[in-house]
>>> print(open('protein-v3.cif').read())   # mmCIF, C-alpha atoms and all ligand atoms
data_work
loop_
_atom_site.label_atom_id
_atom_site.label_comp_id
_atom_site.auth_asym_id
_atom_site.auth_seq_id
_atom_site.Cartn_x
_atom_site.Cartn_y
_atom_site.Cartn_z
CA MET A 1 0.00 0.00 0.00
CA LEU A 2 1.24 3.49 -0.87
CA LEU A 3 1.58 6.19 1.75
CA ILE A 4 0.54 9.60 0.45
CA ARG A 5 1.09 12.98 2.06
CA CYS A 6 -1.98 15.21 1.94
CA PRO A 7 -0.82 18.85 1.74
CA TYR A 8 -4.02 20.05 3.43
CA CYS A 9 -4.09 17.56 6.32
CA GLU A 10 -0.27 17.70 6.56
CA GLU A 11 -0.20 13.99 7.31
CA THR A 12 1.14 10.95 5.45
CA LEU A 13 -1.74 8.55 5.11
CA PRO A 14 -2.73 5.21 3.58
CA GLU A 15 -3.61 5.12 -0.09
CA MET A 16 -7.06 3.71 0.75
CA GLU A 17 -8.18 7.20 1.80
CA PHE A 18 -7.29 8.64 -1.62
CA THR A 19 -8.57 8.52 -5.18
CA TYR A 20 -6.43 9.02 -8.27
CA ALA A 21 -7.76 11.76 -10.53
CA GLY A 22 -5.67 11.82 -13.72
CA GLU A 23 -2.95 14.06 -15.08
CA ALA A 24 -2.45 17.46 -13.41
CA HIS A 25 -2.09 20.96 -14.89
CA ILE A 26 -4.51 20.39 -17.75
CA VAL A 27 -6.35 23.66 -18.17
CA ARG A 28 -9.85 23.66 -19.58
CA PRO A 29 -10.03 25.96 -22.62
CA GLU A 30 -11.92 29.22 -22.06
CA ASN A 31 -14.01 28.89 -25.22
CA PRO A 32 -14.45 25.27 -26.27
CA SER A 33 -16.67 26.24 -29.23
CA ASP A 34 -13.77 28.22 -30.75
CA MET A 35 -11.60 25.13 -30.90
CA SER A 36 -11.06 22.69 -33.72
CA ASP A 37 -12.36 19.16 -33.21
CA GLU A 38 -8.78 17.92 -33.07
CA ALA A 39 -7.74 20.38 -30.34
CA TRP A 40 -10.86 19.59 -28.33
CA ARG A 41 -10.21 15.86 -28.69
CA ASP A 42 -6.65 16.40 -27.46
CA PHE A 43 -7.90 18.33 -24.44
CA LEU A 44 -10.42 15.65 -23.57
CA PHE A 45 -8.52 12.46 -24.23
CA ILE A 46 -4.85 12.87 -25.04
CA ARG A 47 -2.55 12.50 -22.02
CA SER A 48 1.22 12.31 -21.74
CA ASN A 49 1.41 8.70 -20.37
CA VAL A 50 4.77 9.38 -18.75
CA LYS A 51 7.22 6.64 -17.86
CA GLY A 52 8.95 8.21 -14.85
CA PRO A 53 7.98 11.33 -12.85
CA HIS A 54 4.35 12.17 -13.56
CA PHE A 55 2.41 15.28 -12.50
CA GLU A 56 -0.97 14.02 -11.41
CA ARG A 57 -4.06 14.87 -9.40
CA TRP A 58 -5.25 13.01 -6.32
CA ARG A 59 -8.22 13.54 -4.07
CA HIS A 60 -8.25 12.89 -0.34
CA SER A 61 -11.74 11.48 -0.75
CA HIS A 62 -12.07 9.73 2.64
CA GLY A 63 -10.41 12.64 4.47
CA CYS A 64 -10.45 16.39 3.93
CA ALA A 65 -12.05 15.76 0.48
CA ARG A 66 -9.59 18.12 -1.27
CA PHE A 67 -8.03 17.68 -4.68
CA PHE A 68 -4.27 18.22 -4.72
CA ASN A 69 -1.35 17.52 -7.04
CA ALA A 70 1.50 15.05 -6.78
CA VAL A 71 4.64 14.08 -8.63
CA ARG A 72 4.86 10.29 -8.69
CA ASP A 73 7.36 8.11 -10.48
CA THR A 74 5.21 5.75 -12.53
CA VAL A 75 7.98 3.14 -12.59
CA SER A 76 8.74 2.93 -8.86
CA ASP A 77 5.45 4.40 -7.52
CA ARG A 78 7.57 6.72 -5.40
CA PHE A 79 6.02 10.12 -4.59
CA LEU A 80 8.56 12.92 -5.09
CA THR A 81 6.23 15.54 -3.63
CA THR A 82 2.62 16.60 -3.17
CA TYR A 83 1.32 20.18 -3.26
CA LYS A 84 -1.91 22.11 -3.01
CA ALA A 85 -4.18 22.61 -6.01
CA GLY A 86 -3.47 25.95 -7.69
CA GLU A 87 0.20 26.02 -6.70
CA PRO A 88 2.70 26.19 -9.56
CA ARG A 89 4.25 23.06 -11.02
CA PRO A 90 7.39 22.33 -8.96
CA ASP A 91 10.77 22.22 -10.67
CA LEU A 92 11.41 18.60 -11.58
CA ALA A 93 15.21 18.83 -11.65
CA SER A 94 15.41 20.04 -8.05
CA LEU A 95 12.85 17.43 -6.94
CA LEU A 96 14.94 14.70 -8.52
CA SER A 97 18.20 15.95 -7.02
CA ALA A 98 16.53 16.21 -3.57
CA ALA A 99 15.24 12.65 -3.99
CA GLY A 100 18.71 11.49 -5.04
CA GLN A 101 20.26 13.09 -1.96
CA SER A 102 17.80 11.52 0.46
CA GLU A 103 18.49 8.19 -1.28
CA SER A 104 22.24 8.47 -0.74
CA GLU A 105 21.77 9.45 2.94
CA LYS A 106 20.13 6.12 3.64
CA MET B 107 -24.02 -11.38 5.32
CA THR B 108 -25.31 -8.23 6.95
CA ALA B 109 -26.78 -8.51 10.41
CA HIS B 110 -30.14 -6.99 11.13
CA ILE B 111 -29.55 -4.14 13.53
CA ASN B 112 -32.21 -1.85 14.93
CA LEU B 113 -30.66 1.59 14.51
CA SER B 114 -33.45 3.36 16.35
CA GLN B 115 -32.63 1.61 19.62
CA ALA B 116 -29.54 2.92 21.43
CA GLY B 117 -27.69 0.37 23.51
CA VAL B 118 -24.95 -2.25 23.62
CA LEU B 119 -24.44 -4.00 20.29
CA ALA B 120 -21.50 -6.22 21.24
CA LYS B 121 -19.48 -6.79 24.35
CA SER B 122 -16.53 -9.01 25.12
CA LEU B 123 -13.36 -8.96 27.21
CA ALA B 124 -11.67 -7.19 24.30
CA ALA B 125 -14.06 -4.30 23.68
CA SER B 126 -17.64 -3.16 23.67
CA VAL B 127 -19.63 -1.51 20.89
CA THR B 128 -22.54 0.74 21.83
CA LEU B 129 -25.02 2.57 19.65
CA LEU B 130 -25.36 6.06 21.11
CA GLU B 131 -28.47 8.19 21.50
CA PRO B 132 -29.26 10.51 18.56
CA VAL B 133 -27.60 13.92 18.48
CA ALA B 134 -28.12 16.95 16.27
CA ARG B 135 -25.48 17.13 13.52
CA PHE B 136 -24.65 19.98 11.19
CA SER B 137 -22.31 20.31 8.26
CA LEU B 138 -20.83 23.82 8.17
CA ARG B 139 -18.93 25.20 5.17
CA THR B 140 -17.42 28.67 5.07
CA GLY B 141 -14.36 30.49 3.80
CA ALA B 142 -11.65 32.13 5.89
CA ALA B 143 -13.44 35.48 5.97
CA GLY B 144 -16.50 34.27 7.89
CA GLN B 145 -14.85 32.10 10.51
CA ALA B 146 -14.35 34.67 13.25
CA LYS B 147 -17.95 35.92 13.09
CA LEU B 148 -19.35 32.38 13.08
CA SER B 149 -17.13 31.45 16.02
CA ALA B 150 -18.44 34.43 17.98
CA ALA B 151 -22.05 33.62 17.09
CA LEU B 152 -21.65 29.97 18.11
CA GLY B 153 -19.76 30.83 21.30
CA LEU B 154 -16.78 28.63 20.45
CA THR B 155 -13.67 28.81 18.28
CA LEU B 156 -13.86 27.01 14.95
CA PRO B 157 -10.59 25.02 14.85
CA THR B 158 -8.55 25.63 11.70
CA LYS B 159 -6.35 22.55 11.58
CA VAL B 160 -7.85 19.40 10.05
CA GLY B 161 -8.71 16.94 12.83
CA GLN B 162 -8.82 19.42 15.70
CA ARG B 163 -11.97 19.87 17.73
CA THR B 164 -13.33 22.31 20.27
CA GLN B 165 -16.19 22.00 22.68
CA ALA B 166 -18.44 24.47 24.43
CA GLY B 167 -21.07 22.97 26.68
CA GLN B 168 -22.92 20.29 24.75
CA THR B 169 -21.70 21.54 21.38
CA GLU B 170 -18.68 19.95 19.78
CA VAL B 171 -17.11 21.05 16.52
CA LEU B 172 -14.52 19.26 14.40
CA CYS B 173 -12.49 20.66 11.49
CA LEU B 174 -12.91 18.21 8.58
CA GLY B 175 -11.19 20.22 5.86
CA PRO B 176 -9.92 23.74 5.13
CA ASP B 177 -13.49 25.05 4.81
CA GLU B 178 -15.58 22.31 6.37
CA TRP B 179 -16.69 21.51 9.92
CA MET B 180 -18.87 18.93 11.63
CA LEU B 181 -20.94 20.17 14.51
CA HIS B 182 -22.61 17.92 17.09
CA THR B 183 -24.96 19.16 19.78
CA SER B 184 -27.91 17.93 21.80
CA GLU B 185 -31.18 17.73 19.92
CA SER B 186 -32.65 20.44 22.16
CA LEU B 187 -29.96 22.92 21.07
CA ALA B 188 -30.35 22.38 17.33
CA GLY B 189 -32.57 25.44 16.95
CA THR B 190 -30.06 27.59 18.84
CA ILE B 191 -27.31 26.61 16.40
CA LEU B 192 -29.51 27.43 13.40
CA GLN B 193 -30.40 30.84 14.83
CA ALA B 194 -26.83 31.67 15.84
CA CYS B 195 -25.52 31.02 12.32
CA GLU B 196 -28.45 32.75 10.65
CA SER B 197 -27.82 35.89 12.72
CA VAL B 198 -24.42 36.42 11.06
CA TYR B 199 -25.31 35.16 7.59
CA ALA B 200 -25.17 38.59 5.95
CA ASP B 201 -21.60 39.25 7.17
CA ALA B 202 -20.33 35.68 7.14
CA PRO B 203 -21.77 33.80 4.17
CA HIS B 204 -21.82 30.08 4.84
CA SER B 205 -23.69 26.86 4.25
CA LEU B 206 -25.18 25.15 7.29
CA THR B 207 -26.93 21.87 6.61
CA GLU B 208 -28.66 19.80 9.22
CA ILE B 209 -27.62 16.17 8.76
CA SER B 210 -28.74 14.74 12.10
CA ASP B 211 -30.36 11.69 10.54
CA ARG B 212 -27.66 10.99 7.98
CA GLU B 213 -25.35 9.29 10.45
CA VAL B 214 -25.44 7.18 13.57
CA THR B 215 -22.69 7.07 16.19
CA VAL B 216 -21.26 4.01 17.89
CA ARG B 217 -18.83 4.05 20.78
CA ILE B 218 -16.00 1.52 20.90
CA GLU B 219 -14.19 1.07 24.18
CA GLY B 220 -12.23 -1.57 26.02
CA PRO B 221 -8.66 -2.82 26.32
CA LYS B 222 -8.48 -3.80 22.63
CA ALA B 223 -10.55 -0.97 21.15
CA SER B 224 -7.66 0.26 18.97
CA GLU B 225 -6.91 -3.25 17.78
CA LEU B 226 -10.56 -3.79 16.92
CA LEU B 227 -10.51 -0.70 14.68
CA THR B 228 -7.58 -2.06 12.68
CA LEU B 229 -10.08 -4.58 11.31
CA GLY B 230 -11.34 -1.95 8.87
CA CYS B 231 -9.36 1.26 9.32
CA PRO B 232 -5.99 1.52 7.52
CA ARG B 233 -4.80 4.50 9.63
CA ASP B 234 -1.94 4.32 12.09
CA LEU B 235 -4.01 5.03 15.21
CA ASP B 236 -0.89 5.82 17.25
CA LYS B 237 -0.81 9.06 15.24
CA LEU B 238 -4.36 10.03 16.19
CA PRO B 239 -4.01 11.99 19.45
CA VAL B 240 -6.62 11.72 22.19
CA GLY B 241 -9.00 14.65 21.92
CA GLU B 242 -8.81 14.84 18.13
CA ALA B 243 -10.80 13.17 15.34
CA ARG B 244 -10.43 12.42 11.63
CA ARG B 245 -12.59 11.64 8.69
CA THR B 246 -11.22 8.37 7.34
CA VAL B 247 -12.43 5.04 5.96
CA PHE B 248 -13.60 1.75 7.48
CA ASP B 249 -13.84 -1.19 5.11
CA GLY B 250 -14.87 1.06 2.22
CA ALA B 251 -17.27 3.32 4.13
CA THR B 252 -16.36 6.90 5.02
CA ILE B 253 -16.44 7.42 8.78
CA ILE B 254 -15.52 10.10 11.29
CA LEU B 255 -13.34 8.60 13.99
CA TRP B 256 -13.24 10.51 17.29
CA ARG B 257 -10.62 9.52 19.82
CA ASP B 258 -12.01 10.41 23.25
CA ALA B 259 -9.46 8.48 25.35
CA ALA B 260 -6.62 6.06 24.65
CA GLU B 261 -9.02 3.14 24.20
CA THR B 262 -12.31 4.98 23.75
CA TYR B 263 -13.49 5.98 20.29
CA ARG B 264 -16.66 7.11 18.57
CA ILE B 265 -17.44 6.35 14.94
CA ASP B 266 -19.95 8.40 12.96
CA VAL B 267 -21.08 6.41 9.96
CA TRP B 268 -23.75 7.00 7.37
CA ARG B 269 -26.91 5.17 8.38
CA SER B 270 -27.00 2.88 5.35
CA PHE B 271 -23.44 1.67 5.99
CA ALA B 272 -24.04 1.13 9.71
CA PRO B 273 -25.26 -2.51 9.59
CA HIS B 274 -22.17 -3.51 7.61
CA LEU B 275 -19.78 -1.67 9.91
CA ILE B 276 -21.48 -2.82 13.11
CA SER B 277 -21.57 -6.47 12.06
CA LEU B 278 -17.82 -6.32 11.37
CA LEU B 279 -17.23 -4.82 14.81
CA GLN B 280 -19.40 -7.50 16.42
CA THR B 281 -17.37 -10.24 14.73
CA GLY B 282 -14.13 -8.56 15.76
CA CYS B 283 -15.23 -8.19 19.37
CA GLY B 284 -15.74 -11.92 19.62
CA GLU B 285 -12.58 -12.87 17.76
CA LEU B 286 -10.29 -10.62 19.80
CA ALA B 287 -11.71 -11.99 23.06
CA ALA B 288 -11.07 -15.56 21.91
CA GLU B 289 -7.33 -14.99 21.45
ZN ZN C 301 -6.42 15.73 3.36
#
>>> encode(input="protein-v3.cif", output="structure tokens", more="lines below")
Ligand SMILES: [Zn+2]
Amino acid sequence: MLLIRCPYCEETLPEMEFTYAGEAHIVRPENPSDMSDEAWRDFLFIRSNVKGPHFERWRHSHGCARFFNAVRDTVSDRFLTTYKAGEPRPDLASLLSAAGQSESEK
Amino acid sequence: MTAHINLSQAGVLAKSLAASVTLLEPVARFSLRTGAAGQAKLSAALGLTLPTKVGQRTQAGQTEVLCLGPDEWMLHTSESLAGTILQACESVYADAPHSLTEISDREVTVRIEGPKASELLTLGCPRDLDKLPVGEARRTVFDGATIILWRDAAETYRIDVWRSFAPHLISLLQTGCGELAAE
């Protein structure tokens, strides 16, 4: 079972309290009717399907009920960080170097 | 199999050397939602401080309030004080916009106490209960059903569970009570 840190509850909690909610930082277009069918299709269905660190949404559904964002390595399932919805996308390079440092301290 | 349990009759549902499970008398329950701007005025109107950290609770007389999320609280009080709560919140509505919903009937509360109360809860709750301090509470999950878990003493808990999930949850606790006593 994964342990996930909720940035609102400020606790690291069992995965069973959470629900995965797809890729993060996908902004809904202001005027969908202005878009081409292809662009609208891409917004609705096309996702990056990353192998490695993935920016994704989670919801603390059996807890504070908030949506938040996470960076999770899709290969190892390791969470590099979690952060509140609306906060900017964290810098991946510094997350990875921080993760590498904490790995070598072990 | 789901046991037939009469949820309108408060009383002991299971009891063993390990723990006891008791259905408590009905209380008035409210769900309160408001943003940061209205909290101080609502606190003053209710005569208590709305806690701002998830899981913290405060009490004033018979009224108990728990912070469930950044803008969400659960309020319990005696049935006789329900009208007072409604009036208090209504009196500040213009200055402190909020949503107050009475949900008294949505949930029932069971108390779990006894030497193995914490162990009994591990049957369905994936939380590390050592990290739930006495005097706090959390919304969490018990075998798939959302619950609110109040820790009143080291081995005394209350669980609020939606009425329709209660027979499932209670029958699990009854089984666990017996099994833990047999060890
Ligand atoms: Zn949370």
>>> closest_residue(input="protein-v3.cif", among="B:Gly153, B:Pro132, B:Gly175, B:Gly167", to="chain A", atoms="only C-alpha atoms")
B:Gly175
>>> closest_atom_pairs(input="protein-v3.cif", of="chain A", to="ligand ZN 301 (chain C)", cutoff="10 Å", atoms="all atoms listed in the file", output="CSV")
residue,atom,partner,partner_atom,distance
A:Ile4,CA,C:ZN301,ZN,9.7
A:Arg5,CA,C:ZN301,ZN,8.1
A:Cys6,CA,C:ZN301,ZN,4.7
A:Pro7,CA,C:ZN301,ZN,6.6
A:Tyr8,CA,C:ZN301,ZN,4.9
A:Cys9,CA,C:ZN301,ZN,4.2
A:Glu10,CA,C:ZN301,ZN,7.2
A:Glu11,CA,C:ZN301,ZN,7.6
A:Thr12,CA,C:ZN301,ZN,9.2
A:Leu13,CA,C:ZN301,ZN,8.7
A:Glu17,CA,C:ZN301,ZN,8.8
A:Phe18,CA,C:ZN301,ZN,8.7
A:Arg59,CA,C:ZN301,ZN,8.0
A:His60,CA,C:ZN301,ZN,5.0
A:Ser61,CA,C:ZN301,ZN,8.0
A:His62,CA,C:ZN301,ZN,8.3
A:Gly63,CA,C:ZN301,ZN,5.2
A:Cys64,CA,C:ZN301,ZN,4.1
A:Ala65,CA,C:ZN301,ZN,6.3
A:Arg66,CA,C:ZN301,ZN,6.1
A:Phe67,CA,C:ZN301,ZN,8.4
A:Phe68,CA,C:ZN301,ZN,8.7
>>> write_last_selection(input="protein-v3.cif", atoms="C-alpha atoms", output="tab-separated table (two decimals), in the frame of the given file")
chain	number	residue	atom	x	y	z
A	4	ILE	CA	0.54	9.60	0.45
A	5	ARG	CA	1.09	12.98	2.06
A	6	CYS	CA	-1.98	15.21	1.94
A	7	PRO	CA	-0.82	18.85	1.74
A	8	TYR	CA	-4.02	20.05	3.43
A	9	CYS	CA	-4.09	17.56	6.32
A	10	GLU	CA	-0.27	17.70	6.56
A	11	GLU	CA	-0.20	13.99	7.31
A	12	THR	CA	1.14	10.95	5.45
A	13	LEU	CA	-1.74	8.55	5.11
A	17	GLU	CA	-8.18	7.20	1.80
A	18	PHE	CA	-7.29	8.64	-1.62
A	59	ARG	CA	-8.22	13.54	-4.07
A	60	HIS	CA	-8.25	12.89	-0.34
A	61	SER	CA	-11.74	11.48	-0.75
A	62	HIS	CA	-12.07	9.73	2.64
A	63	GLY	CA	-10.41	12.64	4.47
A	64	CYS	CA	-10.45	16.39	3.93
A	65	ALA	CA	-12.05	15.76	0.48
A	66	ARG	CA	-9.59	18.12	-1.27
A	67	PHE	CA	-8.03	17.68	-4.68
A	68	PHE	CA	-4.27	18.22	-4.72
>>> interface_residues(input="protein-v3.cif", of="chain B", to="chain A", cutoff="7 Å", atoms="all atoms listed in the file", output="ChimeraX atom specification")
/B:160,174-175,232-233,245-247,252
>>> write_last_selection(input="protein-v3.cif", atoms="C-alpha atoms", output="PDB file, in the frame of the given file")
ATOM      1  CA  VAL B 160      -7.850  19.400  10.050  1.00  0.00           C
ATOM      2  CA  LEU B 174     -12.910  18.210   8.580  1.00  0.00           C
ATOM      3  CA  GLY B 175     -11.190  20.220   5.860  1.00  0.00           C
ATOM      4  CA  PRO B 232      -5.990   1.520   7.520  1.00  0.00           C
ATOM      5  CA  ARG B 233      -4.800   4.500   9.630  1.00  0.00           C
ATOM      6  CA  ARG B 245     -12.590  11.640   8.690  1.00  0.00           C
ATOM      7  CA  THR B 246     -11.220   8.370   7.340  1.00  0.00           C
ATOM      8  CA  VAL B 247     -12.430   5.040   5.960  1.00  0.00           C
ATOM      9  CA  THR B 252     -16.360   6.900   5.020  1.00  0.00           C
TER      10      THR B 252
END
>>> residues_around(input="protein-v3.cif", residues="Glu131 in chain B", least_positions_apart="3", cutoff="9 Å", atoms="all atoms listed in the file", output="PDB file with C-alpha atoms, in the frame of the given file")
ATOM      1  CA  SER B 114     -33.450   3.360  16.350  1.00  0.00           C
ATOM      2  CA  GLN B 115     -32.630   1.610  19.620  1.00  0.00           C
ATOM      3  CA  ALA B 116     -29.540   2.920  21.430  1.00  0.00           C
ATOM      4  CA  GLY B 117     -27.690   0.370  23.510  1.00  0.00           C
ATOM      5  CA  VAL B 214     -25.440   7.180  13.570  1.00  0.00           C
ATOM      6  CA  THR B 215     -22.690   7.070  16.190  1.00  0.00           C
TER       7      THR B 215
END
>>> atom_distance(input="protein-v3.cif", atom1="CA of Arg264 in chain B", atom2="CA of Glu178 in chain B")
19.5 Å
